[in-house]
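Asks: Before I ask anything, let me first share the structure, which is written out below as structure tokens.
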Number of protein chains: 2
Amino acid sequence: MKELSEQIQGLCRRAKEASRLLSELSTEKINQALIAIGEELQTRKTVILSANDRDIDSAKIMGLSEAIIDRLFLGEKRFTALLKSLEDIVLLPCPIGETIEQWKRPNGILIKKVRVPIGVIGIIYESRPNVTVDSAALCLKSGNVAILRGGTEAFNTNKELVTAIREGLRKTNIAEDAVILIPTTDRQSIPILCAQRDFIDLLIPRGGKGLIETVMNNAKVPVIKHYQGICHVYIHSEASFEKALDIVLNAKCQRPAVCNAMETLLVDEKIASDFLPLIVSELQNRGVEIRGDEKCLHIMGDRISTATEEDWSTEYLDLILSIKIVSNLDEAINHIHQYGSNHSDAIVTEDPAAAEAFLHKIDSAAVYWNASTRFTDGFEFGFGAEIGISTDKIHARGPMGLKELTSYKYLIYGNGQVRN
Amino acid sequence: MKELSEQIQGLCRRAKEASRLLSELSTEKINQALIAIGEELQTRKTVILSANDRDIDSAKIMGLSEAIIDRLFLGEKRFTALLKSLEDIVLLPCPIGETIEQWKRPNGILIKKVRVPIGVIGIIYESRPNVTVDSAALCLKSGNVAILRGGTEAFNTNKELVTAIREGLRKTNIAEDAVILIPTTDRQSIPILCAQRDFIDLLIPRGGKGLIETVMNNAKVPVIKHYQGICHVYIHSEASFEKALDIVLNAKCQRPAVCNAMETLLVDEKIASDFLPLIVSELQNRGVEIRGDEKCLHIMGDRISTATEEDWSTEYLDLILSIKIVSNLDEAINHIHQYGSNHSDAIVTEDPAAAEAFLHKIDSAAVYWNASTRFTDGFEFGFGAEIGISTDKIHARGPMGLKELTSYKYLIYGNGQVRN
């Protein structure tokens, strides 16, 4: 334990040193590094994919779920996508150095607020190996050092990926410690990492309840959580059924395993007896299991099962949907307030006043009027990339792109001014 | 302990409930409340000032320092200033609801990024009673609930101030729990407050090392520290001596007890034998104790005392100054990197290239070229108010005004759009 602690602290110290060098590099140099990393990954593809095979084999032996094994799997197609995403990041404008605002004060000093890197960012995540490359590339592009603590099940894959990344940095004469993988699967490494106040400027945990709790309970540095999405769609009494059907089916079925998928449908009771049979048929045709409240059961009978109290706060990440009939807009808002996770929620209505009240009162990162919750995404928002979706309210909320990975400082230009 | 814990948790729960109500109020209503609070404070002036007298008496009996007693003292003049500052906050534009950015995506959805309150902000501070009123008013104006945990020594004063504030809220029909004072001087209340993850969205500790450490070690919610300023002024070889003298004297002597005052002067060795005797005379004429490194001693002899290693990382907050002679710009930058606190640092030079290198490489909230570090202040920056000066890099850096007390959310306007 003491040894592990010292090992991790040593790595974090090196990361902090690298961060000072990194903050002084030009955009051209960073882009050169990203291109070199792409080439290294390409060169080492066979080694990386066979490391991934080993991880998959271990996962099967350990009896991990099909879903986890699927997320863990890299393969040719995903490898190509990973390289493509790296190329896209090269093309994005560099946020660093941008003057966000500038103004002159009556005493003549000029104040410039300019964008700077945050410093050292620790990313703690699970399963998907593409997160390793994406996180490293986004951190580099925004002038930040990345300390990566990936999932145990992807350890071999991540090790080979980071070897390639560091080789790309080395070949561009950039400090390799700009990207560091915590080289252990020991779970104790997470609390140790979370305590490195002197060396880490920000922690981003991406994952399930267990991981997030561990980070929250141990963090001595700022944290931006990428946590669960218990997303709602509320079908108001003045909804267009056509839009409602499209949006509900998209929000639930298009990709149920992601955080911006809908978990609970709220239906206004004025239209419930008309709308519910339509949407339930369509959902069931797509294999969705429906769990309704008492009012739903009253309309749908034994075609659906019963929702328990627990259902309202469950992120299924699966083809399961809870449905509640609400008597009006206020009840819908109160339900979301009580059970939601402040991620993404939508109203479907043709009534602008109801829509504006919903948009104003729902305290979520993204609030939708007549659109699917599935748009809460850095690419769909036009950010060109994303490191994930913040469910916190401090620093960055919702999709986090390059800008959200930056801080700022004030540069003050004077001519000898002093304060009276 | 259990009782205290339950009491504080109960207060925080009420704060969270009030925050939902507060976020729905109009600017007019909030301004009415601020005006009513001013009237209540005026009405209760005698009660408040006599509570302050009791605090001062206790402080004297406890043998607290003159500096603490001075900060604790309210009195007629400061009371008037406090009311004036409240009036100023009424006049400031409300940041809530502002559309920060908006854009349309190719699929037709309109994305608006709008400013919203953070929610519940816990402010943990020491001594000065005006912080109680300022913090409450700034939180209210930005739609946030304030939970205040003031210093033990100001407990009676704070209790009366918050009674007036809550009475002002009550008379405007706003939930009184929009401003809550933790009604105990028990030090255990701080760690308990820091752990209220379900109810507090942000903690702002303002104070010395002990307070900041307690908060950092116990926080389970986001923290923005208002910590120390070990501020440097570097006199470059190409400095104008006239500007250098003005800036050094201002940064050190104008108000030595604040975080943006200079603590260490760095002098380029090329000009040291000319500049040092000048500035040391001026500083000593103003009662400043000088502690120099070996090279300084070589020039100044026994006119100054010796700086120890500890001096370079000490925030004196007093008429004491450490001086180091550096061989060039890089050594100055490295010294600030090693010993600074990322608060405010200045270069004095007529050489634009040296200035730009300094501005670029120094990683502090405010970096100055030919101006005094004393300008790091919400009022001097033109924010109209400040809750303090963040020494962190996440969310807000440097002076925090009303905007820095906000978060944002995305409102997405569609017409039935779904994701492919």
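Each chain in the structure tokens gets a letter, A, B and so on, in the order shown; residues start at 1 in every chain, and ligands are counted from 1 in the order they appear.
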Taking only C-alpha atoms into account, what are the residues of chain A at most 6 Å from chain B, put as an MDAnalysis selection string?

Replies: chainID A and resid 243 247 365:372 393:395 407 409:418

Asks: Contacts of Val90 in chain B at 8 Å or less, counting only C-alpha atoms, minus same-chain residues fewer than 6 places along, as a list of chain:residue names?

Replies: B:Asn31, B:Leu34, B:Ile35, B:Lys141

Asks: Determine, counting only C-alpha atoms, which protein, DNA and RNA residues have an atom within 12 Å of an atom of Thr132 in chain A; residues of the same chain fewer than 4 positions away are not included. Present the result as a PyMOL selection string.

Replies: chain A and resi 72+74+82+86+122-128+136-139+146-151+154-165+179-182+206+387

Asks: Residues of range 269-314 of chain B classed as strand (DSSP E) by DSSP on the backbone are to be reported as a PyMOL selection string.

Replies: chain B and resi 289-292+305-306

Asks: Store the residues picked out above in a file with all heavy atoms, as a compact mmCIF listing (two decimals), in the first residue's frame.

Replies:
# COMPACT_ATOMS: atom_id res chain seq x y z
N GLU B 289 9.84 45.96 7.09
CA GLU B 289 10.99 45.14 7.43
C GLU B 289 11.42 44.37 6.19
O GLU B 289 10.61 43.74 5.52
CB GLU B 289 10.62 44.17 8.55
CG GLU B 289 11.76 43.25 8.94
CD GLU B 289 11.30 42.04 9.77
OE1 GLU B 289 10.28 42.14 10.46
OE2 GLU B 289 11.99 41.00 9.67
N ILE B 290 12.73 44.42 5.87
CA ILE B 290 13.22 43.78 4.65
C ILE B 290 14.04 42.53 4.99
O ILE B 290 14.94 42.60 5.84
CB ILE B 290 14.13 44.74 3.85
CG1 ILE B 290 13.48 46.11 3.66
CG2 ILE B 290 14.54 44.11 2.51
CD1 ILE B 290 12.45 46.20 2.63
N ARG B 291 13.72 41.43 4.32
CA ARG B 291 14.51 40.20 4.47
C ARG B 291 15.05 39.81 3.10
O ARG B 291 14.28 39.46 2.20
CB ARG B 291 13.64 39.08 5.02
CG ARG B 291 12.99 39.44 6.35
CD ARG B 291 12.14 38.32 6.89
NE ARG B 291 11.43 38.77 8.09
CZ ARG B 291 10.50 38.06 8.72
NH1 ARG B 291 10.17 36.85 8.25
NH2 ARG B 291 9.92 38.53 9.80
N GLY B 292 16.37 39.86 2.94
CA GLY B 292 16.94 39.62 1.62
C GLY B 292 17.74 38.33 1.52
O GLY B 292 18.15 37.77 2.54
N SER B 305 17.68 42.33 7.01
CA SER B 305 17.95 41.04 7.65
C SER B 305 17.94 39.91 6.61
O SER B 305 17.68 40.13 5.42
CB SER B 305 16.95 40.80 8.78
OG SER B 305 15.64 40.85 8.28
N THR B 306 18.20 38.71 7.08
CA THR B 306 18.38 37.57 6.17
C THR B 306 17.08 36.81 5.95
O THR B 306 16.38 36.49 6.90
CB THR B 306 19.41 36.59 6.76
OG1 THR B 306 20.56 37.34 7.15
CG2 THR B 306 19.79 35.51 5.76

Asks: Smallest atom-to-atom distance to Val133 in chain B: which of B:Gly287, B:Gly10, B:Gly384, B:Gly38, using only C-alpha atoms?

Replies: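 Closest candidate: B:Gly38.
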
Asks: Rank nothing, just name the residue among B:Ala353, B:Leu169, B:Ile121, B:Cys296 nearest to Leu276 in chain B, using only C-alpha atoms.

Replies: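 The closest residue to Leu276 in chain B is B:Cys296.
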
Asks: Would you give me, as a count of residues only, the residues in range 28-149 of chain A that DSSP reads as helix (DSSP H, G or I)?

Replies: 69
